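To keep things clear, I will list the structure first and then write my remarks on it.
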Amino acid sequence: MSTFHPFAMERWQSTYENRVEFNLSESGVHPLTLAELLEIGHANVDDVLLGYGQSNGSDALRARIAALYDGAGDDGVVVCNGSAEANFITMWDLVRAGEEIAVVVPTYMQTYGLARNVGARVVEIPLREEIGWQPDPDDIARAVTGRTRMIVVTNPGNPTGAALSNEARAAIVQAAQRTGAWILADEVYRGAEIDGSDTLSFFGSHERVVATGSLSKAYGLPGLRIGWCMSDARTAERLWARSDYTTISAGELTDHLAAIALDAEVRPQLLERTRGIIRTGLHTLTSWFEQTGGFHWRDPDAGAICLARYDADISSDDLAERLRTEQSVLIVPGSHFGLDRHVRFGIGMPTPQFETALERVAETMQNVALPA
Ligand SMILES: Cc1ncc(COP(=O)(O)O)c(C=O)c1O
C-alpha cells in the first residue's frame with residue numbers, strides 16, 4: 001500500500017484551533033453569526049425545507065456563483081462542501097498515479113498532498129520572496145513540460161497573501177497553452193483583496209481550467225462549508241459525478257444561506273466588512289512588528305494572513321509549540337509550507353483579542369535567543 005502523507009497544517013489546526021485561547025492560525029476574518037447574515041440579507045430561513053437539495057447546488061446559488069466569473073454559465077458550476085471538497089474532486093477526476101503536476105509553492109498544501117497521495121509526481125514552481133513572492137517566468141517554463149498534467153496555483157496566495165503579477169499569470173497561462181496542461185486555480189482568497197481590487201480569475205484564460213472558490217475567506221462564512229468548482233459544462237458534469245461519491249451535496253440550509261450571501265445587495269456589504277477587518281488587523285500586526293523588531297514581512301494583497309520571516313534562533317515548529325503551550329496562542333509554523341524561520345499570522349481577529357495575543361507572542365519571543 002502506498003504511503004499516506006497527512007496534511008500537516010490542517011492536522012495542526014484541526015487538533016488545536018478550538019483548544020487555545022487565541023487562534024492566530026486562522027486565515028479568514030472573524031466570522032459572521034447567522035443572525036448577522038440574515039439581518040444584512042433581510043431574510044429568514046424558517047421555511048427552508050431540510051431535505052436533499054439539488055446535489056450540484058440550487059439553481060439560484062449556481063447562477064450567483066457563475067456571475068462571479070466573466071463568460072461563465074451556471075452549467076459549469078458544481079457546489080461543494082468548501083473549496084476543500086472542490087479541490088479534492090478536481091484532483092480525483094483529473095490526476096492519476098504516475099502523472100506529473102506542477103505546483104506553485106509555498107502554498108496551502110492540500111492539492112500538493114492529494115497529488116502525492118494518489119501517486120502523482122509533484123514538480124515545484126517556487127514563489128520568490130525577494131521579488132514579492134512572485135514566480136520567475138523561467139522557472140514556470142522549465143517546470144511545465146509535455147509531461148505536465150496539471151498546473152496548480154493558489155491566487156491570491158496562501159501563505160504569502162500575494163496576488164500574482166500580470167506577467168506571472170500570463171506565464172502560467174502560456175505554459176498551459178503550450179503543453180495542454182490543466183490549470184487548477186484555487187481562488188479562495190479572491191474577493192478578500194485589501195485595496196478592493198478584484199483578482200482576475202484564471203477561469204476563461206485557457207480551455208482547461210477549474211477555478212475553485214468558497215465563502216470561507218472573503219465572505220467570513222467558513223462554517224457554511226460552501227465552496228465550488230467553476231469550469232466548462234462538460235468538466236462540471238464529471239466533477240459532479242465525483243461528488244456523488246464524496247458528500248452527495250452541500251447542506252440544503254447552507255445552500256440557501258450561501259445564495260443570500262451572494263445576493264447582489266448583500267455581497268458587497270460582506271466584502272466591505274472583510275476588507276475593513278483585514279486592514280485593521282494588518283495595521284495592528286505591522287505596528288507590533290515595528291515595535292518588537294526581528295520580523296520581516298511583505299504586506300499581503302489579500303486574505304487575513306501575513307507571512308513573516310524572523311531573526312530569532314528557533315525553528316518554526318519549536319516556536320509554534322512554545323506559543324501554544326506557554327501562551328495558548330496558535331500560529332502556523334512556516335515548516336508546514338516548507339519555509340522554516342517563517343510564521344503565518346492570522347490577522348482577522350477582533351482588535352482587543354488580537355492585541356492581547358500579540359503581547360503573549362512578544363513575551364515568548366523575548367525569551368528566545370537571538371542569533372549570535
Ligand atoms: C488556499 C486554500 N484553499 C482551500 C482552503 C479550504 O477552505 P474551505 O474548504 O473552507 O473553502 C483553504 C483554507 O484555509 C485555503 O487557504
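Identifiers in this document derive from the order of the C-alpha cells: chains are assigned A, B, ..., residues are numbered from 1 separately in each chain, and ligands are numbered from 1 in order of occurrence.
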List as a tab-separated table every residue of chain A that is in contact with ligand 1, defined as an atom at most 10 Å from one of its atoms (using only C-alpha atoms and all ligand atoms), together with the nearest atom pair and the distance in Å rounded to one decimal, sorted by chain and then rising number.
residue	atom	partner	partner_atom_place_in_ligand_line	distance
A:Met9	CA	ligand 1	14 (O)	9.3
A:Glu10	CA	ligand 1	14 (O)	8.3
A:Gln13	CA	ligand 1	14 (O)	9.9
A:Ser25	CA	ligand 1	14 (O)	9.3
A:Glu26	CA	ligand 1	14 (O)	7.4
A:Ser27	CA	ligand 1	14 (O)	5.8
A:Gly28	CA	ligand 1	14 (O)	7.5
A:Cys80	CA	ligand 1	9 (O)	8.8
A:Asn81	CA	ligand 1	9 (O)	6.7
A:Gly82	CA	ligand 1	9 (O)	3.4
A:Ser83	CA	ligand 1	11 (O)	3.7
A:Ala84	CA	ligand 1	9 (O)	3.7
A:Glu85	CA	ligand 1	9 (O)	6.6
A:Ala86	CA	ligand 1	9 (O)	7.9
A:Asn87	CA	ligand 1	4 (C)	7.4
A:Phe88	CA	ligand 1	4 (C)	9.9
A:Thr107	CA	ligand 1	1 (C)	7.0
A:Tyr108	CA	ligand 1	1 (C)	5.0
A:Met109	CA	ligand 1	1 (C)	8.1
A:Gln110	CA	ligand 1	3 (N)	7.4
A:Thr111	CA	ligand 1	3 (N)	8.7
A:Val153	CA	ligand 1	1 (C)	9.0
A:Thr154	CA	ligand 1	1 (C)	5.8
A:Asn155	CA	ligand 1	1 (C)	7.9
A:Pro156	CA	ligand 1	1 (C)	8.2
A:Gly157	CA	ligand 1	1 (C)	6.8
A:Asn158	CA	ligand 1	1 (C)	5.4
A:Pro159	CA	ligand 1	16 (O)	7.6
A:Gly161	CA	ligand 1	1 (C)	9.9
A:Ala185	CA	ligand 1	1 (C)	9.4
A:Asp186	CA	ligand 1	3 (N)	5.9
A:Glu187	CA	ligand 1	1 (C)	7.0
A:Val188	CA	ligand 1	3 (N)	5.6
A:Tyr189	CA	ligand 1	1 (C)	7.1
A:Thr212	CA	ligand 1	3 (N)	8.2
A:Gly213	CA	ligand 1	11 (O)	6.4
A:Ser214	CA	ligand 1	11 (O)	4.6
A:Leu215	CA	ligand 1	11 (O)	6.5
A:Ser216	CA	ligand 1	10 (O)	4.8
A:Lys217	CA	ligand 1	10 (O)	7.4
A:Gly220	CA	ligand 1	10 (O)	10.0
A:Leu221	CA	ligand 1	10 (O)	8.5
A:Pro222	CA	ligand 1	10 (O)	5.2
A:Gly223	CA	ligand 1	10 (O)	7.8
A:Leu224	CA	ligand 1	10 (O)	8.5
A:Arg225	CA	ligand 1	10 (O)	5.9
A:Ile226	CA	ligand 1	11 (O)	6.8
A:Gly227	CA	ligand 1	11 (O)	5.4
A:Trp228	CA	ligand 1	11 (O)	8.3
A:Gly303	CA	ligand 1	16 (O)	8.9
A:Ile305	CA	ligand 1	16 (O)	9.6
With a distance cut-off of 12 Å and only C-alpha atoms, select the neighbouring residues of A:His5, excluding the residue or stretch itself and same-chain residues fewer than 5 positions from it, and output the selection as a list in words.
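Residues near the query, excluding close chain neighbours: Arg11, Met109, Gln110, Thr111, Tyr112, Gly113, Leu114, Ala115, Arg116, Asn117, Val118 and Gly119 of chain A.
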Include C-alpha atoms and write out the residues we just selected as a CSV table (one decimal), in the first residue's frame.
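Saved result, selection-v7.csv, follows:
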chain,number,residue,atom,x,y,z
A,11,ARG,CA,-3.9,18.4,11.3
A,109,MET,CA,-0.7,22.0,0.8
A,110,GLN,CA,-4.0,20.3,0.1
A,111,THR,CA,-3.5,19.7,-3.6
A,112,TYR,CA,0.2,19.0,-3.2
A,113,GLY,CA,-0.6,16.3,-0.6
A,114,LEU,CA,-3.5,14.9,-2.7
A,115,ALA,CA,-1.3,14.5,-5.7
A,116,ARG,CA,1.3,12.7,-3.7
A,117,ASN,CA,-1.3,10.5,-2.1
A,118,VAL,CA,-2.6,9.3,-5.5
A,119,GLY,CA,1.0,8.6,-6.5
Show me, as a PDB file with C-alpha atoms, in the first residue's frame, the residues that have an atom within 12 Å of stretch 324-328 of chain A when counting only C-alpha atoms, minus same-chain residues fewer than 6 positions from it.
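This went into selection08.pdb:
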ATOM      1  CA  TRP A  12      -2.308  21.149  13.487  1.00  0.00           C
ATOM      2  CA  GLN A  13      -5.385  23.348  13.154  1.00  0.00           C
ATOM      3  CA  THR A  15      -6.204  19.359  16.670  1.00  0.00           C
ATOM      4  CA  TYR A  16      -5.708  22.681  18.451  1.00  0.00           C
ATOM      5  CA  GLU A  17      -7.667  25.583  16.916  1.00  0.00           C
ATOM      6  CA  ASN A  18     -10.624  25.199  19.275  1.00  0.00           C
ATOM      7  CA  ARG A  19      -8.419  24.332  22.250  1.00  0.00           C
ATOM      8  CA  VAL A  20      -6.417  27.555  22.557  1.00  0.00           C
ATOM      9  CA  GLU A  21      -7.375  30.963  23.881  1.00  0.00           C
ATOM     10  CA  PHE A  22      -6.083  32.797  20.785  1.00  0.00           C
ATOM     11  CA  ASN A  23      -6.272  31.209  17.381  1.00  0.00           C
ATOM     12  CA  LEU A  24      -3.903  33.078  15.069  1.00  0.00           C
ATOM     13  CA  SER A  25      -3.740  30.109  12.707  1.00  0.00           C
ATOM     14  CA  ASP A 317       7.984  24.184  14.835  1.00  0.00           C
ATOM     15  CA  ASP A 318       9.566  24.859  18.236  1.00  0.00           C
ATOM     16  CA  THR A 356      -3.554  40.554  23.749  1.00  0.00           C
ATOM     17  CA  ALA A 357      -2.490  37.582  21.621  1.00  0.00           C
ATOM     18  CA  LEU A 358       0.414  39.586  20.191  1.00  0.00           C
ATOM     19  CA  GLU A 359       1.516  40.652  23.691  1.00  0.00           C
ATOM     20  CA  ARG A 360       1.690  36.975  24.523  1.00  0.00           C
ATOM     21  CA  VAL A 361       3.736  36.238  21.403  1.00  0.00           C
ATOM     22  CA  ALA A 362       6.112  39.052  22.375  1.00  0.00           C
ATOM     23  CA  GLU A 363       6.574  37.520  25.817  1.00  0.00           C
ATOM     24  CA  THR A 364       7.790  34.252  24.354  1.00  0.00           C
ATOM     25  CA  MET A 365       9.893  35.975  21.683  1.00  0.00           C
ATOM     26  CA  ASN A 367      12.835  34.521  25.886  1.00  0.00           C
TER      27      ASN A 367
END
Check the DSSP output for the backbone and give back, as a PDB file with N, CA and C atoms, in the first residue's frame, the residues of stretch 158-305 of chain A in alpha helix (DSSP H).
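Output below, filename part.pdb:
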ATOM      1  N   ASN A 166       0.593  40.432 -13.371  1.00  0.00           N
ATOM      2  CA  ASN A 166       0.045  40.101 -14.698  1.00  0.00           C
ATOM      3  C   ASN A 166       1.026  39.233 -15.479  1.00  0.00           C
ATOM      4  N   GLU A 167       2.307  39.545 -15.312  1.00  0.00           N
ATOM      5  CA  GLU A 167       3.336  38.812 -16.056  1.00  0.00           C
ATOM      6  C   GLU A 167       3.368  37.343 -15.615  1.00  0.00           C
ATOM      7  N   ALA A 168       3.285  37.116 -14.310  1.00  0.00           N
ATOM      8  CA  ALA A 168       3.336  35.745 -13.786  1.00  0.00           C
ATOM      9  C   ALA A 168       2.091  34.970 -14.214  1.00  0.00           C
ATOM     10  N   ARG A 169       0.947  35.636 -14.130  1.00  0.00           N
ATOM     11  CA  ARG A 169      -0.299  34.965 -14.543  1.00  0.00           C
ATOM     12  C   ARG A 169      -0.208  34.578 -16.014  1.00  0.00           C
ATOM     13  N   ALA A 170       0.273  35.516 -16.837  1.00  0.00           N
ATOM     14  CA  ALA A 170       0.364  35.247 -18.277  1.00  0.00           C
ATOM     15  C   ALA A 170       1.335  34.089 -18.538  1.00  0.00           C
ATOM     16  N   ALA A 171       2.407  34.014 -17.774  1.00  0.00           N
ATOM     17  CA  ALA A 171       3.396  32.940 -17.988  1.00  0.00           C
ATOM     18  C   ALA A 171       2.778  31.580 -17.666  1.00  0.00           C
ATOM     19  N   ILE A 172       1.917  31.534 -16.660  1.00  0.00           N
ATOM     20  CA  ILE A 172       1.255  30.267 -16.302  1.00  0.00           C
ATOM     21  C   ILE A 172       0.269  29.861 -17.409  1.00  0.00           C
ATOM     22  N   VAL A 173      -0.510  30.823 -17.871  1.00  0.00           N
ATOM     23  CA  VAL A 173      -1.484  30.528 -18.933  1.00  0.00           C
ATOM     24  C   VAL A 173      -0.753  30.063 -20.199  1.00  0.00           C
ATOM     25  N   GLN A 174       0.330  30.762 -20.506  1.00  0.00           N
ATOM     26  CA  GLN A 174       1.100  30.410 -21.706  1.00  0.00           C
ATOM     27  C   GLN A 174       1.666  28.988 -21.605  1.00  0.00           C
ATOM     28  N   ALA A 175       2.167  28.642 -20.425  1.00  0.00           N
ATOM     29  CA  ALA A 175       2.733  27.304 -20.230  1.00  0.00           C
ATOM     30  C   ALA A 175       1.642  26.245 -20.397  1.00  0.00           C
ATOM     31  N   ALA A 176       0.433  26.535 -19.895  1.00  0.00           N
ATOM     32  CA  ALA A 176      -0.674  25.583 -20.024  1.00  0.00           C
ATOM     33  C   ALA A 176      -1.081  25.446 -21.491  1.00  0.00           C
ATOM     34  N   GLN A 177      -1.097  26.570 -22.185  1.00  0.00           N
ATOM     35  CA  GLN A 177      -1.495  26.514 -23.597  1.00  0.00           C
ATOM     36  C   GLN A 177      -0.442  25.790 -24.432  1.00  0.00           C
ATOM     37  N   ARG A 178       0.798  26.006 -24.081  1.00  0.00           N
ATOM     38  CA  ARG A 178       1.897  25.360 -24.836  1.00  0.00           C
ATOM     39  C   ARG A 178       1.860  23.846 -24.681  1.00  0.00           C
ATOM     40  N   THR A 179       1.438  23.357 -23.497  1.00  0.00           N
ATOM     41  CA  THR A 179       1.552  21.921 -23.210  1.00  0.00           C
ATOM     42  C   THR A 179       0.206  21.199 -23.155  1.00  0.00           C
ATOM     43  N   ALA A 233     -18.940  23.240 -18.977  1.00  0.00           N
ATOM     44  CA  ALA A 233     -20.073  22.371 -18.626  1.00  0.00           C
ATOM     45  C   ALA A 233     -19.708  20.885 -18.645  1.00  0.00           C
ATOM     46  N   ARG A 234     -18.868  20.468 -19.609  1.00  0.00           N
ATOM     47  CA  ARG A 234     -18.533  19.029 -19.684  1.00  0.00           C
ATOM     48  C   ARG A 234     -17.719  18.593 -18.483  1.00  0.00           C
ATOM     49  N   THR A 235     -16.772  19.433 -18.103  1.00  0.00           N
ATOM     50  CA  THR A 235     -15.946  19.108 -16.937  1.00  0.00           C
ATOM     51  C   THR A 235     -16.816  19.099 -15.680  1.00  0.00           C
ATOM     52  N   ALA A 236     -17.723  20.070 -15.609  1.00  0.00           N
ATOM     53  CA  ALA A 236     -18.590  20.150 -14.427  1.00  0.00           C
ATOM     54  C   ALA A 236     -19.427  18.878 -14.269  1.00  0.00           C
ATOM     55  N   GLU A 237     -19.888  18.318 -15.370  1.00  0.00           N
ATOM     56  CA  GLU A 237     -20.660  17.063 -15.311  1.00  0.00           C
ATOM     57  C   GLU A 237     -19.828  15.965 -14.647  1.00  0.00           C
ATOM     58  N   ARG A 238     -18.567  15.893 -15.051  1.00  0.00           N
ATOM     59  CA  ARG A 238     -17.696  14.833 -14.493  1.00  0.00           C
ATOM     60  C   ARG A 238     -17.426  15.084 -13.005  1.00  0.00           C
ATOM     61  N   LEU A 239     -17.192  16.357 -12.672  1.00  0.00           N
ATOM     62  CA  LEU A 239     -16.884  16.677 -11.266  1.00  0.00           C
ATOM     63  C   LEU A 239     -18.106  16.392 -10.380  1.00  0.00           C
ATOM     64  N   TRP A 240     -19.251  16.721 -10.910  1.00  0.00           N
ATOM     65  CA  TRP A 240     -20.500  16.458 -10.175  1.00  0.00           C
ATOM     66  C   TRP A 240     -20.623  14.958  -9.896  1.00  0.00           C
ATOM     67  N   ALA A 241     -20.299  14.139 -10.911  1.00  0.00           N
ATOM     68  CA  ALA A 241     -20.383  12.675 -10.735  1.00  0.00           C
ATOM     69  C   ALA A 241     -19.424  12.206  -9.630  1.00  0.00           C
ATOM     70  N   ARG A 242     -18.281  12.894  -9.523  1.00  0.00           N
ATOM     71  CA  ARG A 242     -17.349  12.542  -8.433  1.00  0.00           C
ATOM     72  C   ARG A 242     -17.994  12.857  -7.085  1.00  0.00           C
ATOM     73  N   SER A 243     -18.702  13.965  -7.016  1.00  0.00           N
ATOM     74  CA  SER A 243     -19.245  14.367  -5.711  1.00  0.00           C
ATOM     75  C   SER A 243     -20.376  13.434  -5.253  1.00  0.00           C
ATOM     76  N   ASP A 244     -20.918  12.625  -6.175  1.00  0.00           N
ATOM     77  CA  ASP A 244     -21.875  11.590  -5.752  1.00  0.00           C
ATOM     78  C   ASP A 244     -21.212  10.616  -4.777  1.00  0.00           C
ATOM     79  N   TYR A 245     -19.885  10.487  -4.899  1.00  0.00           N
ATOM     80  CA  TYR A 245     -19.154   9.564  -4.037  1.00  0.00           C
ATOM     81  C   TYR A 245     -18.591  10.230  -2.778  1.00  0.00           C
ATOM     82  N   THR A 246     -18.575  11.551  -2.732  1.00  0.00           N
ATOM     83  CA  THR A 246     -17.957  12.195  -1.572  1.00  0.00           C
ATOM     84  C   THR A 246     -19.019  12.583  -0.549  1.00  0.00           C
ATOM     85  N   GLU A 252     -28.728  21.648   2.542  1.00  0.00           N
ATOM     86  CA  GLU A 252     -29.811  22.443   1.954  1.00  0.00           C
ATOM     87  C   GLU A 252     -29.904  23.824   2.629  1.00  0.00           C
ATOM     88  N   LEU A 253     -29.731  23.834   3.946  1.00  0.00           N
ATOM     89  CA  LEU A 253     -29.788  25.112   4.663  1.00  0.00           C
ATOM     90  C   LEU A 253     -28.618  26.009   4.259  1.00  0.00           C
ATOM     91  N   THR A 254     -27.433  25.426   4.162  1.00  0.00           N
ATOM     92  CA  THR A 254     -26.275  26.277   3.850  1.00  0.00           C
ATOM     93  C   THR A 254     -26.292  26.716   2.391  1.00  0.00           C
ATOM     94  N   ASP A 255     -26.845  25.908   1.510  1.00  0.00           N
ATOM     95  CA  ASP A 255     -27.015  26.325   0.113  1.00  0.00           C
ATOM     96  C   ASP A 255     -27.886  27.587   0.088  1.00  0.00           C
ATOM     97  N   HIS A 256     -28.958  27.555   0.852  1.00  0.00           N
ATOM     98  CA  HIS A 256     -29.881  28.684   0.905  1.00  0.00           C
ATOM     99  C   HIS A 256     -29.173  29.936   1.464  1.00  0.00           C
ATOM    100  N   LEU A 257     -28.423  29.733   2.543  1.00  0.00           N
ATOM    101  CA  LEU A 257     -27.714  30.867   3.162  1.00  0.00           C
ATOM    102  C   LEU A 257     -26.631  31.411   2.230  1.00  0.00           C
ATOM    103  N   ALA A 258     -26.015  30.513   1.482  1.00  0.00           N
ATOM    104  CA  ALA A 258     -24.966  30.948   0.544  1.00  0.00           C
ATOM    105  C   ALA A 258     -25.565  31.816  -0.559  1.00  0.00           C
ATOM    106  N   ALA A 259     -26.760  31.435  -1.016  1.00  0.00           N
ATOM    107  CA  ALA A 259     -27.422  32.245  -2.053  1.00  0.00           C
ATOM    108  C   ALA A 259     -27.730  33.644  -1.502  1.00  0.00           C
ATOM    109  N   ILE A 260     -28.069  33.716  -0.221  1.00  0.00           N
ATOM    110  CA  ILE A 260     -28.296  35.039   0.400  1.00  0.00           C
ATOM    111  C   ILE A 260     -26.988  35.834   0.401  1.00  0.00           C
ATOM    112  N   ALA A 261     -25.893  35.175   0.785  1.00  0.00           N
ATOM    113  CA  ALA A 261     -24.594  35.876   0.874  1.00  0.00           C
ATOM    114  C   ALA A 261     -24.153  36.416  -0.480  1.00  0.00           C
ATOM    115  N   ARG A 267     -23.698  40.837  -1.045  1.00  0.00           N
ATOM    116  CA  ARG A 267     -22.286  40.504  -1.294  1.00  0.00           C
ATOM    117  C   ARG A 267     -21.335  41.698  -1.050  1.00  0.00           C
ATOM    118  N   PRO A 268     -21.626  42.878  -1.624  1.00  0.00           N
ATOM    119  CA  PRO A 268     -20.687  43.995  -1.408  1.00  0.00           C
ATOM    120  C   PRO A 268     -20.530  44.349   0.080  1.00  0.00           C
ATOM    121  N   GLN A 269     -21.610  44.190   0.843  1.00  0.00           N
ATOM    122  CA  GLN A 269     -21.517  44.521   2.276  1.00  0.00           C
ATOM    123  C   GLN A 269     -20.606  43.534   3.010  1.00  0.00           C
ATOM    124  N   LEU A 270     -20.700  42.267   2.620  1.00  0.00           N
ATOM    125  CA  LEU A 270     -19.845  41.271   3.269  1.00  0.00           C
ATOM    126  C   LEU A 270     -18.380  41.494   2.891  1.00  0.00           C
ATOM    127  N   LEU A 271     -18.148  41.819   1.616  1.00  0.00           N
ATOM    128  CA  LEU A 271     -16.764  42.034   1.175  1.00  0.00           C
ATOM    129  C   LEU A 271     -16.169  43.273   1.851  1.00  0.00           C
ATOM    130  N   GLU A 272     -16.992  44.296   2.015  1.00  0.00           N
ATOM    131  CA  GLU A 272     -16.517  45.522   2.665  1.00  0.00           C
ATOM    132  C   GLU A 272     -16.171  45.246   4.132  1.00  0.00           C
ATOM    133  N   ARG A 273     -17.015  44.453   4.771  1.00  0.00           N
ATOM    134  CA  ARG A 273     -16.750  44.066   6.167  1.00  0.00           C
ATOM    135  C   ARG A 273     -15.394  43.350   6.249  1.00  0.00           C
ATOM    136  N   THR A 274     -15.182  42.402   5.335  1.00  0.00           N
ATOM    137  CA  THR A 274     -13.933  41.625   5.334  1.00  0.00           C
ATOM    138  C   THR A 274     -12.725  42.540   5.165  1.00  0.00           C
ATOM    139  N   ARG A 275     -12.820  43.430   4.194  1.00  0.00           N
ATOM    140  CA  ARG A 275     -11.694  44.343   3.937  1.00  0.00           C
ATOM    141  C   ARG A 275     -11.383  45.201   5.147  1.00  0.00           C
ATOM    142  N   GLY A 276     -12.422  45.682   5.785  1.00  0.00           N
ATOM    143  CA  GLY A 276     -12.225  46.525   6.974  1.00  0.00           C
ATOM    144  C   GLY A 276     -11.477  45.746   8.049  1.00  0.00           C
ATOM    145  N   ILE A 277     -11.886  44.502   8.265  1.00  0.00           N
ATOM    146  CA  ILE A 277     -11.234  43.683   9.301  1.00  0.00           C
ATOM    147  C   ILE A 277      -9.772  43.439   8.930  1.00  0.00           C
ATOM    148  N   ILE A 278      -9.524  43.134   7.672  1.00  0.00           N
ATOM    149  CA  ILE A 278      -8.145  42.836   7.253  1.00  0.00           C
ATOM    150  C   ILE A 278      -7.255  44.077   7.387  1.00  0.00           C
ATOM    151  N   ARG A 279      -7.777  45.210   6.955  1.00  0.00           N
ATOM    152  CA  ARG A 279      -6.985  46.449   7.040  1.00  0.00           C
ATOM    153  C   ARG A 279      -6.616  46.748   8.500  1.00  0.00           C
ATOM    154  N   THR A 280      -7.604  46.641   9.377  1.00  0.00           N
ATOM    155  CA  THR A 280      -7.356  46.927  10.795  1.00  0.00           C
ATOM    156  C   THR A 280      -6.356  45.926  11.358  1.00  0.00           C
ATOM    157  N   GLY A 281      -6.547  44.645  11.027  1.00  0.00           N
ATOM    158  CA  GLY A 281      -5.659  43.605  11.550  1.00  0.00           C
ATOM    159  C   GLY A 281      -4.236  43.790  11.071  1.00  0.00           C
ATOM    160  N   LEU A 282      -4.103  44.183   9.816  1.00  0.00           N
ATOM    161  CA  LEU A 282      -2.753  44.370   9.271  1.00  0.00           C
ATOM    162  C   LEU A 282      -2.064  45.544   9.955  1.00  0.00           C
ATOM    163  N   HIS A 283      -2.829  46.590  10.204  1.00  0.00           N
ATOM    164  CA  HIS A 283      -2.262  47.751  10.894  1.00  0.00           C
ATOM    165  C   HIS A 283      -1.792  47.344  12.305  1.00  0.00           C
ATOM    166  N   THR A 284      -2.635  46.582  12.998  1.00  0.00           N
ATOM    167  CA  THR A 284      -2.271  46.132  14.350  1.00  0.00           C
ATOM    168  C   THR A 284      -0.993  45.296  14.298  1.00  0.00           C
ATOM    169  N   LEU A 285      -0.935  44.382  13.349  1.00  0.00           N
ATOM    170  CA  LEU A 285       0.220  43.476  13.290  1.00  0.00           C
ATOM    171  C   LEU A 285       1.495  44.225  12.896  1.00  0.00           C
ATOM    172  N   THR A 286       1.415  45.070  11.884  1.00  0.00           N
ATOM    173  CA  THR A 286       2.648  45.717  11.419  1.00  0.00           C
ATOM    174  C   THR A 286       3.146  46.735  12.459  1.00  0.00           C
ATOM    175  N   SER A 287       2.231  47.367  13.193  1.00  0.00           N
ATOM    176  CA  SER A 287       2.681  48.260  14.281  1.00  0.00           C
ATOM    177  C   SER A 287       3.422  47.426  15.322  1.00  0.00           C
ATOM    178  N   TRP A 288       2.898  46.255  15.595  1.00  0.00           N
ATOM    179  CA  TRP A 288       3.531  45.360  16.577  1.00  0.00           C
ATOM    180  C   TRP A 288       4.890  44.878  16.068  1.00  0.00           C
ATOM    181  N   PHE A 289       4.969  44.520  14.772  1.00  0.00           N
ATOM    182  CA  PHE A 289       6.262  44.102  14.186  1.00  0.00           C
ATOM    183  C   PHE A 289       7.288  45.217  14.382  1.00  0.00           C
ATOM    184  N   GLU A 290       6.868  46.458  14.094  1.00  0.00           N
ATOM    185  CA  GLU A 290       7.807  47.582  14.175  1.00  0.00           C
ATOM    186  C   GLU A 290       8.296  47.777  15.605  1.00  0.00           C
ATOM    187  N   GLN A 291       7.391  47.643  16.549  1.00  0.00           N
ATOM    188  CA  GLN A 291       7.748  47.775  17.962  1.00  0.00           C
ATOM    189  C   GLN A 291       8.672  46.653  18.419  1.00  0.00           C
ATOM    190  N   THR A 292       8.331  45.427  18.020  1.00  0.00           N
ATOM    191  CA  THR A 292       9.016  44.242  18.521  1.00  0.00           C
ATOM    192  C   THR A 292      10.374  44.061  17.851  1.00  0.00           C
TER     193      THR A 292
END
For the atom pair atom CA of A:Glu39 and atom CA of A:Ser249, what is the interatomic distance in Å to one decimal place?
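That distance, rounded to one decimal, is 26.3 Å.
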Which residues are close to A:His42, i.e. within 10 Å by only C-alpha atoms, leaving aside same-chain residues fewer than 4 positions away? Reply as a ChimeraX atom specification.
/A:36-38,260,266
What would the file look like if the residues just selected were written as a PDB file, in the first residue's frame with N, CA and C atoms?
ATOM      1  N   GLU A  36     -26.523  37.831  12.034  1.00  0.00           N
ATOM      2  CA  GLU A  36     -25.961  38.961  11.275  1.00  0.00           C
ATOM      3  C   GLU A  36     -26.198  38.781   9.776  1.00  0.00           C
ATOM      4  N   LEU A  37     -25.950  37.562   9.293  1.00  0.00           N
ATOM      5  CA  LEU A  37     -26.155  37.317   7.853  1.00  0.00           C
ATOM      6  C   LEU A  37     -27.617  37.542   7.466  1.00  0.00           C
ATOM      7  N   LEU A  38     -28.526  37.023   8.285  1.00  0.00           N
ATOM      8  CA  LEU A  38     -29.948  37.162   7.960  1.00  0.00           C
ATOM      9  C   LEU A  38     -30.387  38.621   8.036  1.00  0.00           C
ATOM     10  N   ILE A 260     -28.069  33.716  -0.221  1.00  0.00           N
ATOM     11  CA  ILE A 260     -28.296  35.039   0.400  1.00  0.00           C
ATOM     12  C   ILE A 260     -26.988  35.834   0.401  1.00  0.00           C
ATOM     13  N   VAL A 266     -26.227  42.020  -0.938  1.00  0.00           N
ATOM     14  CA  VAL A 266     -25.579  41.545   0.286  1.00  0.00           C
ATOM     15  C   VAL A 266     -24.065  41.402   0.099  1.00  0.00           C
TER      16      VAL A 266
END
Of the candidates A:Val104, A:Ala162, A:Ala250, A:Leu262, which one gets nearest to A:Pro137 if we count only C-alpha atoms?
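Ranking A:Val104, A:Ala162, A:Ala250, A:Leu262 by distance to A:Pro137, first place goes to A:Val104.
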10 Å contact set for A:Leu127, only C-alpha atoms, chain neighbours under 4 positions out, as a ChimeraX atom specification:
/A:104-107,131-136,139,157,160,162,164
Store the residues picked out above in a file with C-alpha atoms, as an mmCIF file, in the first residue's frame.
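This is the output file part05.cif:
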data_model
loop_
_atom_site.group_PDB
_atom_site.id
_atom_site.type_symbol
_atom_site.label_atom_id
_atom_site.label_comp_id
_atom_site.auth_asym_id
_atom_site.auth_seq_id
_atom_site.Cartn_x
_atom_site.Cartn_y
_atom_site.Cartn_z
ATOM 1 C CA VAL A 104 3.353 26.894 -7.341
ATOM 2 C CA VAL A 105 4.863 26.903 -3.826
ATOM 3 C CA PRO A 106 4.741 27.830 -0.977
ATOM 4 C CA THR A 107 1.060 27.065 -0.920
ATOM 5 C CA ILE A 131 10.584 39.553 -5.772
ATOM 6 C CA GLY A 132 7.483 39.921 -3.611
ATOM 7 C CA TRP A 133 6.531 36.236 -3.642
ATOM 8 C CA GLN A 134 6.196 36.058 -7.421
ATOM 9 C CA PRO A 135 7.330 33.164 -9.624
ATOM 10 C CA ASP A 136 10.136 33.636 -12.130
ATOM 11 C CA ASP A 139 11.023 28.608 -13.584
ATOM 12 C CA GLY A 157 -1.652 33.098 -2.409
ATOM 13 C CA THR A 160 2.106 34.646 1.081
ATOM 14 C CA ALA A 162 0.476 37.903 -2.606
ATOM 15 C CA LEU A 164 0.192 37.113 -8.974
#
I need the residue nearest A:Ser335 from this list: A:Met150, A:Ile65, A:Ile248, A:Ala8. Use only C-alpha atoms for the distance.
A:Ala8
Excluding stretch 203-211 of chain A and residues on its chain fewer than 5 positions from it, collect all residues at most 6 Å away from it, counting only C-alpha atoms, and give them as a PyMOL selection string.
chain A and resi 182-186+229-231
